[in-house]
Amino acid sequence: MAFQATILVFLISFLVLMLATCCNAGGIAIYWGQYDEEGTLAETCAAGKYDFVNVAFLPKFGNGRRPMLDLGGHCDPSGNGCTGLSSDIKLCQAKGIKVMLSIGGGAGFYSLASSDDARQVATYLWNNFLGGRSPTRPLGPAVLDGIDFDIELGTKQHWDDLARYLKGYSKQSSKKVYLTAAPQCPFPDAFLGSALNTGLFDYVWVQFYNNPSCQYSSSDINSFEDAWKQWLSDIPASKIFLGLPASPEAAGSGFIPVADLTSKVLPAIKDSPKYGGIMLWSKFYDDQTGYSSSIKSHV
């Protein structure tokens with residue numbers, strides 16, 4: 001009996017450990033679209049490295065502006081030259097990869113003048129990229145999984161309204177509209193603080209780079225850990241991701257060497273059920289360093 005009890009305890013402990021490992025396993029999100037040399041969207045998804053791809057960017061919209069995509073040299077949206085990406089998007093989704101349209105970015109012309117302006121932008125996004133049926137969809141007929149908010153300039157109001165209007169479309173479709181965001185790590189984010197407090201965002205990949213006050217430092221991990229814990233506790237999102245540059249050249253500061261990430265940073269943050277994984281900027285820089293390949297088994 002004692003032997004059987006010992007075996008039972010061992011099996012239960014093993015199952016608990018496996019369950020914890022499974023449930024805290026993270027994914028990798030990547031930004032694609034701003035560099036000609038980063039390969040196609042189809043190649044990005046075929047690489048087997050990423051769980052989310054943010055198509056970047058829609059940097060012009062709101063306040064009466066005509067919305068316009070900017071996908072670098074990949075295609076010319078002005079003459080419907082990006083509709084061919086529809087087949088790439090469907091290929092990604094067939095592999096279980098969620099494809100988001102990232103709106104905003106670090107450069108562009110975007111803002112929301114009012115709640116009604118936010119409603120109009122949401123209607124445009126729904127009809128042209130999500131489940132709506134505009135005859136002139138910039139990325140073709142493929143239905144993207146949702147919208148990523150990378151809001152870094154312009155006005156600070158009405159992003160919460162935009163999130164509510166977009167999430168409301170989930171009720172009109174059999175396909176869920178996912179909302180993601182890429183706030184800066186100083187808390188609360190200057191632009192997205194109110195939007196994130198709505199609890200409508202599924203995944204939040206916090207930019208822990210270009211922000212020395214809260215990004216990782218090999219000489220002091222405490223500030224980073226405190227910032228990470230605040231994002232976990234104060235933001236009602238399903239999952240929180242650690243946003244990083246994929247190479248030292250991808251950002252002004254905040255790059256974490258693979259050895260530090262796997263031995264110090266990930267062990268410090270993976271114990272939360274809200275841990276989602278790693279976000280990387282961007283596919284171009286990841287190609288240069290192979291960063292995602294080096295960390296994938298640890299994420």
# chains A, B, ... in the order shown; residues from 1 in each chain; ligands from 1

$ residues_around --residues "Gln230 (chain A)" --least-positions-apart "3" --cutoff "10 Å" --atoms "only C-alpha atoms" --output "count of residues only"
11

$ residues_around --residues "Pro138 (chain A)" --least-positions-apart "3" --cutoff "7 Å" --atoms "only C-alpha atoms" --output "PyMOL selection string"
chain A and resi 77+80+82-83+128

$ write_last_selection --atoms "C-alpha atoms" --output "PDB file, in the first residue's frame"
ATOM      1  CA  PRO A  77      -2.191  50.184 -51.557  1.00  0.00           C
ATOM      2  CA  ASN A  80      -5.301  48.126 -54.848  1.00  0.00           C
ATOM      3  CA  CYS A  82      -2.059  44.868 -51.705  1.00  0.00           C
ATOM      4  CA  THR A  83      -5.114  42.697 -52.391  1.00  0.00           C
ATOM      5  CA  ASN A 128     -12.427  46.849 -45.006  1.00  0.00           C
TER       6      ASN A 128
END

$ residues_around --residues "Gln34 (chain A)" --least-positions-apart "2" --cutoff "12 Å" --atoms "only C-alpha atoms" --output "number ranges by chain"
A: 30-32, 36-41, 54-59, 69-75, 102, 105-107, 281-285

$ closest_atom_pairs --of "region 19-131 of chain A" --to "region 139-147 of chain A" --cutoff "9 Å" --atoms "only C-alpha atoms" --output "CSV"
residue,atom,partner,partner_atom,distance
A:Asn54,CA,A:Ile147,CA,8.6
A:Pro77,CA,A:Leu139,CA,8.3
A:Asn80,CA,A:Leu139,CA,8.0
A:Gly81,CA,A:Leu139,CA,8.5
A:Cys82,CA,A:Leu139,CA,5.3
A:Thr83,CA,A:Gly140,CA,4.1
A:Gly84,CA,A:Gly140,CA,6.6
A:Leu85,CA,A:Leu139,CA,5.8
A:Ser86,CA,A:Ala142,CA,4.9
A:Ser87,CA,A:Ala142,CA,7.3
A:Asp88,CA,A:Ala142,CA,8.9
A:Ile89,CA,A:Ala142,CA,6.5
A:Lys90,CA,A:Ala142,CA,6.4
A:Gln93,CA,A:Asp145,CA,8.6
A:Lys98,CA,A:Asp145,CA,5.8
A:Val99,CA,A:Asp145,CA,5.5
A:Met100,CA,A:Gly146,CA,4.9
A:Leu101,CA,A:Ile147,CA,5.0
A:Ser102,CA,A:Ile147,CA,5.9
A:Ile103,CA,A:Ile147,CA,7.2
A:Leu125,CA,A:Ile147,CA,8.3
A:Asn128,CA,A:Leu139,CA,8.0
A:Phe129,CA,A:Leu144,CA,6.0
A:Leu130,CA,A:Val143,CA,4.9
A:Gly131,CA,A:Val143,CA,5.9

$ write_last_selection --atoms "N, CA and C atoms" --output "compact mmCIF listing (two decimals), in the first residue's frame"
# COMPACT_ATOMS: atom_id res chain seq x y z
N ASN A 54 1.44 40.85 -36.69
CA ASN A 54 0.83 42.17 -36.78
C ASN A 54 1.26 42.80 -38.11
N PRO A 77 -0.75 50.23 -51.83
CA PRO A 77 -2.19 50.18 -51.56
C PRO A 77 -3.01 51.20 -52.35
N ASN A 80 -4.85 49.48 -55.20
CA ASN A 80 -5.30 48.13 -54.85
C ASN A 80 -4.20 47.09 -55.04
N GLY A 81 -2.96 47.53 -54.86
CA GLY A 81 -1.85 46.63 -55.09
C GLY A 81 -1.55 45.67 -53.96
N CYS A 82 -2.31 45.74 -52.85
CA CYS A 82 -2.06 44.87 -51.71
C CYS A 82 -3.09 43.76 -51.57
N THR A 83 -4.05 43.69 -52.51
CA THR A 83 -5.11 42.70 -52.39
C THR A 83 -4.58 41.27 -52.51
N GLY A 84 -3.41 41.11 -53.13
CA GLY A 84 -2.82 39.79 -53.27
C GLY A 84 -2.41 39.18 -51.94
N LEU A 85 -2.33 40.01 -50.90
CA LEU A 85 -1.97 39.50 -49.58
C LEU A 85 -3.07 38.64 -48.97
N SER A 86 -4.24 38.67 -49.56
CA SER A 86 -5.36 37.89 -49.03
C SER A 86 -5.02 36.41 -48.93
N SER A 87 -4.37 35.88 -49.96
CA SER A 87 -4.02 34.45 -49.94
C SER A 87 -2.98 34.16 -48.87
N ASP A 88 -2.06 35.10 -48.64
CA ASP A 88 -1.07 34.93 -47.57
C ASP A 88 -1.74 34.92 -46.20
N ILE A 89 -2.70 35.82 -46.01
CA ILE A 89 -3.40 35.89 -44.73
C ILE A 89 -4.13 34.58 -44.46
N LYS A 90 -4.79 34.05 -45.47
CA LYS A 90 -5.53 32.79 -45.30
C LYS A 90 -4.56 31.64 -45.01
N GLN A 93 -3.62 31.90 -41.34
CA GLN A 93 -4.72 31.49 -40.47
C GLN A 93 -4.94 29.98 -40.51
N LYS A 98 -2.78 33.94 -35.75
CA LYS A 98 -3.69 35.07 -35.78
C LYS A 98 -3.01 36.25 -36.48
N VAL A 99 -3.72 36.85 -37.42
CA VAL A 99 -3.19 37.97 -38.20
C VAL A 99 -3.98 39.22 -37.85
N MET A 100 -3.27 40.21 -37.34
CA MET A 100 -3.89 41.46 -36.91
C MET A 100 -3.47 42.60 -37.84
N LEU A 101 -4.33 43.59 -37.99
CA LEU A 101 -3.92 44.84 -38.64
C LEU A 101 -3.49 45.80 -37.54
N SER A 102 -2.25 46.27 -37.60
CA SER A 102 -1.76 47.21 -36.61
C SER A 102 -2.01 48.63 -37.09
N ILE A 103 -2.73 49.39 -36.27
CA ILE A 103 -3.03 50.78 -36.61
C ILE A 103 -2.16 51.71 -35.78
N LEU A 125 -12.81 50.03 -40.39
CA LEU A 125 -11.98 48.85 -40.13
C LEU A 125 -12.78 47.57 -40.28
N ASN A 128 -13.56 46.99 -44.09
CA ASN A 128 -12.43 46.85 -45.01
C ASN A 128 -11.40 45.79 -44.60
N PHE A 129 -11.40 45.38 -43.32
CA PHE A 129 -10.39 44.42 -42.88
C PHE A 129 -10.96 43.25 -42.07
N LEU A 130 -12.15 43.44 -41.52
CA LEU A 130 -12.72 42.41 -40.66
C LEU A 130 -13.90 41.75 -41.37
N GLY A 131 -15.03 41.62 -40.70
CA GLY A 131 -16.12 40.83 -41.26
C GLY A 131 -17.08 41.55 -42.17

$ closest_residue --among "A:Tyr216, A:Tyr291, A:Tyr110, A:Phe201" --to "Gly254 (chain A)" --atoms "only C-alpha atoms"
A:Tyr216

$ atom_distance --atom1 "CA of Gln207 (chain A)" --atom2 "CA of Pro183 (chain A)"
6.0 Å

$ select_by_dssp --residues "region 197-279 of chain A" --states "helix (DSSP H, G or I)" --output "list of chain:residue names"
A:Asn222, A:Ser223, A:Phe224, A:Glu225, A:Asp226, A:Ala227, A:Trp228, A:Lys229, A:Gln230, A:Trp231, A:Leu232, A:Ser233, A:Asp234, A:Pro248, A:Glu249, A:Ala250, A:Val258, A:Ala259, A:Asp260, A:Leu261, A:Thr262, A:Ser263, A:Lys264, A:Val265, A:Leu266, A:Pro267, A:Ala268, A:Ile269

$ write_last_selection --atoms "C-alpha atoms" --output "mmCIF file, in the first residue's frame"
data_model
loop_
_atom_site.group_PDB
_atom_site.id
_atom_site.type_symbol
_atom_site.label_atom_id
_atom_site.label_comp_id
_atom_site.auth_asym_id
_atom_site.auth_seq_id
_atom_site.Cartn_x
_atom_site.Cartn_y
_atom_site.Cartn_z
ATOM 1 C CA ASN A 222 14.121 45.017 -9.900
ATOM 2 C CA SER A 223 12.716 48.020 -11.795
ATOM 3 C CA PHE A 224 11.788 45.778 -14.698
ATOM 4 C CA GLU A 225 10.154 43.202 -12.429
ATOM 5 C CA ASP A 226 8.156 45.883 -10.608
ATOM 6 C CA ALA A 227 6.919 47.298 -13.908
ATOM 7 C CA TRP A 228 5.998 43.842 -15.218
ATOM 8 C CA LYS A 229 4.028 43.035 -12.050
ATOM 9 C CA GLN A 230 2.117 46.310 -12.308
ATOM 10 C CA TRP A 231 1.044 45.532 -15.863
ATOM 11 C CA LEU A 232 -0.064 42.074 -14.757
ATOM 12 C CA SER A 233 -2.073 43.291 -11.785
ATOM 13 C CA ASP A 234 -3.584 46.511 -13.119
ATOM 14 C CA PRO A 248 20.295 45.773 -30.756
ATOM 15 C CA GLU A 249 19.736 47.797 -33.955
ATOM 16 C CA ALA A 250 15.946 47.429 -33.767
ATOM 17 C CA VAL A 258 19.370 35.489 -25.348
ATOM 18 C CA ALA A 259 21.331 34.210 -22.340
ATOM 19 C CA ASP A 260 19.873 36.881 -20.047
ATOM 20 C CA LEU A 261 16.357 36.371 -21.361
ATOM 21 C CA THR A 262 16.372 32.609 -20.858
ATOM 22 C CA SER A 263 18.254 32.477 -17.550
ATOM 23 C CA LYS A 264 17.035 35.618 -15.744
ATOM 24 C CA VAL A 265 14.045 37.323 -17.343
ATOM 25 C CA LEU A 266 11.745 34.472 -18.375
ATOM 26 C CA PRO A 267 12.113 32.595 -15.066
ATOM 27 C CA ALA A 268 11.061 35.817 -13.320
ATOM 28 C CA ILE A 269 7.897 36.422 -15.371
#

$ residues_around --residues "Thr180 (chain A)" --least-positions-apart "5" --cutoff "6 Å" --atoms "only C-alpha atoms" --output "VMD selection string"
chain A and resid 148 201 to 204

$ write_last_selection --atoms "all heavy atoms" --output "PDB file, in the first residue's frame"
ATOM      1  N   ASP A 148      -4.768  45.654 -33.913  1.00  0.00           N
ATOM      2  CA  ASP A 148      -3.712  45.942 -32.939  1.00  0.00           C
ATOM      3  C   ASP A 148      -3.561  47.451 -32.807  1.00  0.00           C
ATOM      4  O   ASP A 148      -3.405  48.158 -33.800  1.00  0.00           O
ATOM      5  CB  ASP A 148      -2.392  45.316 -33.420  1.00  0.00           C
ATOM      6  CG  ASP A 148      -1.218  45.680 -32.525  1.00  0.00           C
ATOM      7  OD1 ASP A 148      -1.265  45.351 -31.333  1.00  0.00           O
ATOM      8  OD2 ASP A 148      -0.247  46.297 -33.035  1.00  0.00           O
ATOM      9  N   PHE A 201      -9.352  44.182 -24.240  1.00  0.00           N
ATOM     10  CA  PHE A 201      -8.193  43.716 -25.005  1.00  0.00           C
ATOM     11  C   PHE A 201      -7.841  42.280 -24.622  1.00  0.00           C
ATOM     12  O   PHE A 201      -7.764  41.933 -23.442  1.00  0.00           O
ATOM     13  CB  PHE A 201      -7.002  44.649 -24.803  1.00  0.00           C
ATOM     14  CG  PHE A 201      -7.159  45.948 -25.544  1.00  0.00           C
ATOM     15  CD1 PHE A 201      -7.953  46.966 -25.019  1.00  0.00           C
ATOM     16  CD2 PHE A 201      -6.553  46.144 -26.774  1.00  0.00           C
ATOM     17  CE1 PHE A 201      -8.126  48.157 -25.713  1.00  0.00           C
ATOM     18  CE2 PHE A 201      -6.715  47.333 -27.472  1.00  0.00           C
ATOM     19  CZ  PHE A 201      -7.512  48.331 -26.948  1.00  0.00           C
ATOM     20  N   ASP A 202      -7.613  41.483 -25.656  1.00  0.00           N
ATOM     21  CA  ASP A 202      -7.290  40.072 -25.442  1.00  0.00           C
ATOM     22  C   ASP A 202      -5.814  39.874 -25.134  1.00  0.00           C
ATOM     23  O   ASP A 202      -5.456  39.120 -24.225  1.00  0.00           O
ATOM     24  CB  ASP A 202      -7.666  39.269 -26.696  1.00  0.00           C
ATOM     25  CG  ASP A 202      -9.146  39.391 -27.018  1.00  0.00           C
ATOM     26  OD1 ASP A 202      -9.942  38.730 -26.334  1.00  0.00           O
ATOM     27  OD2 ASP A 202      -9.506  40.164 -27.930  1.00  0.00           O
ATOM     28  N   TYR A 203      -4.961  40.546 -25.885  1.00  0.00           N
ATOM     29  CA  TYR A 203      -3.518  40.402 -25.728  1.00  0.00           C
ATOM     30  C   TYR A 203      -2.880  41.786 -25.713  1.00  0.00           C
ATOM     31  O   TYR A 203      -3.182  42.636 -26.551  1.00  0.00           O
ATOM     32  CB  TYR A 203      -2.906  39.585 -26.879  1.00  0.00           C
ATOM     33  CG  TYR A 203      -3.590  38.257 -27.100  1.00  0.00           C
ATOM     34  CD1 TYR A 203      -4.362  38.038 -28.240  1.00  0.00           C
ATOM     35  CD2 TYR A 203      -3.475  37.221 -26.173  1.00  0.00           C
ATOM     36  CE1 TYR A 203      -5.000  36.823 -28.453  1.00  0.00           C
ATOM     37  CE2 TYR A 203      -4.114  36.007 -26.374  1.00  0.00           C
ATOM     38  CZ  TYR A 203      -4.875  35.814 -27.516  1.00  0.00           C
ATOM     39  OH  TYR A 203      -5.514  34.613 -27.718  1.00  0.00           O
ATOM     40  N   VAL A 204      -1.996  41.999 -24.741  1.00  0.00           N
ATOM     41  CA  VAL A 204      -1.287  43.274 -24.632  1.00  0.00           C
ATOM     42  C   VAL A 204       0.204  42.981 -24.618  1.00  0.00           C
ATOM     43  O   VAL A 204       0.710  42.328 -23.701  1.00  0.00           O
ATOM     44  CB  VAL A 204      -1.697  44.031 -23.352  1.00  0.00           C
ATOM     45  CG1 VAL A 204      -0.869  45.311 -23.202  1.00  0.00           C
ATOM     46  CG2 VAL A 204      -3.190  44.364 -23.386  1.00  0.00           C
TER      47      VAL A 204
END

$ decode --residues "region 191-229 of chain A" --atoms "N, CA and C atoms" --output "CSV table (one decimal), in the first residue's frame"
chain,number,residue,atom,x,y,z
A,191,PHE,N,-1.2,57.1,-24.0
A,191,PHE,CA,-2.2,57.1,-25.0
A,191,PHE,C,-3.3,56.1,-24.8
A,192,LEU,N,-2.9,54.9,-24.3
A,192,LEU,CA,-3.8,53.8,-24.3
A,192,LEU,C,-4.3,53.5,-22.9
A,193,GLY,N,-4.0,54.2,-21.9
A,193,GLY,CA,-4.4,53.9,-20.5
A,193,GLY,C,-5.9,53.7,-20.4
A,194,SER,N,-6.7,54.6,-20.9
A,194,SER,CA,-8.1,54.5,-20.7
A,194,SER,C,-8.7,53.3,-21.5
A,195,ALA,N,-8.2,53.1,-22.7
A,195,ALA,CA,-8.6,52.0,-23.6
A,195,ALA,C,-8.3,50.6,-22.9
A,196,LEU,N,-7.1,50.5,-22.4
A,196,LEU,CA,-6.8,49.2,-21.7
A,196,LEU,C,-7.6,48.9,-20.5
A,197,ASN,N,-8.1,50.0,-19.8
A,197,ASN,CA,-8.9,49.8,-18.6
A,197,ASN,C,-10.3,49.3,-18.9
A,198,THR,N,-10.7,49.3,-20.2
A,198,THR,CA,-12.0,48.8,-20.6
A,198,THR,C,-12.1,47.3,-20.4
A,199,GLY,N,-10.9,46.6,-20.3
A,199,GLY,CA,-11.0,45.1,-20.2
A,199,GLY,C,-11.3,44.4,-21.5
A,200,LEU,N,-11.3,45.2,-22.6
A,200,LEU,CA,-11.7,44.6,-23.9
A,200,LEU,C,-10.6,44.0,-24.7
A,201,PHE,N,-9.4,44.2,-24.2
A,201,PHE,CA,-8.2,43.7,-25.0
A,201,PHE,C,-7.8,42.3,-24.6
A,202,ASP,N,-7.6,41.5,-25.7
A,202,ASP,CA,-7.3,40.1,-25.4
A,202,ASP,C,-5.8,39.9,-25.1
A,203,TYR,N,-5.0,40.5,-25.9
A,203,TYR,CA,-3.5,40.4,-25.7
A,203,TYR,C,-2.9,41.8,-25.7
A,204,VAL,N,-2.0,42.0,-24.7
A,204,VAL,CA,-1.3,43.3,-24.6
A,204,VAL,C,0.2,43.0,-24.6
A,205,TRP,N,0.9,43.4,-25.7
A,205,TRP,CA,2.4,43.3,-25.7
A,205,TRP,C,3.0,44.6,-25.4
A,206,VAL,N,3.5,44.7,-24.2
A,206,VAL,CA,4.0,45.9,-23.6
A,206,VAL,C,5.5,46.1,-24.2
A,207,GLN,N,5.7,47.3,-24.7
A,207,GLN,CA,7.0,47.7,-25.2
A,207,GLN,C,8.0,48.0,-24.1
A,208,PHE,N,8.8,46.9,-23.7
A,208,PHE,CA,9.8,47.1,-22.7
A,208,PHE,C,11.1,47.5,-23.3
A,209,TYR,N,11.1,48.5,-24.2
A,209,TYR,CA,12.3,49.0,-24.8
A,209,TYR,C,12.1,50.4,-25.2
A,210,ASN,N,13.3,51.1,-25.4
A,210,ASN,CA,13.2,52.6,-25.5
A,210,ASN,C,12.6,53.3,-24.3
A,211,ASN,N,12.6,52.6,-23.2
A,211,ASN,CA,12.1,53.1,-21.9
A,211,ASN,C,13.0,52.7,-20.8
A,212,PRO,N,14.1,53.4,-20.6
A,212,PRO,CA,15.1,52.9,-19.5
A,212,PRO,C,14.5,52.8,-18.1
A,213,SER,N,13.5,53.5,-17.8
A,213,SER,CA,12.9,53.5,-16.5
A,213,SER,C,12.3,52.2,-16.1
A,214,CYS,N,11.9,51.4,-17.1
A,214,CYS,CA,11.2,50.2,-16.8
A,214,CYS,C,11.7,49.0,-17.6
A,215,GLN,N,12.6,49.2,-18.5
A,215,GLN,CA,13.1,48.0,-19.3
A,215,GLN,C,14.1,47.3,-18.5
A,216,TYR,N,14.5,46.1,-18.9
A,216,TYR,CA,15.4,45.2,-18.2
A,216,TYR,C,16.8,45.8,-18.3
A,217,SER,N,17.6,45.7,-17.2
A,217,SER,CA,19.0,46.1,-17.1
A,217,SER,C,19.7,45.0,-16.4
A,218,SER,N,20.8,44.5,-16.9
A,218,SER,CA,21.6,43.5,-16.3
A,218,SER,C,22.1,43.8,-14.9
A,219,SER,N,22.2,45.1,-14.7
A,219,SER,CA,22.7,45.6,-13.4
A,219,SER,C,21.6,45.8,-12.3
A,220,ASP,N,20.3,45.8,-12.8
A,220,ASP,CA,19.2,46.0,-11.9
A,220,ASP,C,17.9,45.5,-12.5
A,221,ILE,N,17.5,44.3,-12.1
A,221,ILE,CA,16.3,43.7,-12.7
A,221,ILE,C,15.1,44.1,-11.9
A,222,ASN,N,15.3,44.7,-10.8
A,222,ASN,CA,14.1,45.0,-9.9
A,222,ASN,C,13.1,46.0,-10.5
A,223,SER,N,13.6,47.0,-11.2
A,223,SER,CA,12.7,48.0,-11.8
A,223,SER,C,11.9,47.4,-12.9
A,224,PHE,N,12.5,46.5,-13.7
A,224,PHE,CA,11.8,45.8,-14.7
A,224,PHE,C,10.7,44.9,-14.1
A,225,GLU,N,11.1,44.1,-13.1
A,225,GLU,CA,10.2,43.2,-12.4
A,225,GLU,C,9.0,43.9,-11.8
A,226,ASP,N,9.2,45.1,-11.2
A,226,ASP,CA,8.2,45.9,-10.6
A,226,ASP,C,7.2,46.4,-11.7
A,227,ALA,N,7.8,46.8,-12.8
A,227,ALA,CA,6.9,47.3,-13.9
A,227,ALA,C,6.1,46.2,-14.5
A,228,TRP,N,6.7,45.0,-14.7
A,228,TRP,CA,6.0,43.8,-15.2
A,228,TRP,C,4.8,43.5,-14.3
A,229,LYS,N,5.1,43.4,-13.0
A,229,LYS,CA,4.0,43.0,-12.0
A,229,LYS,C,2.9,44.0,-12.1
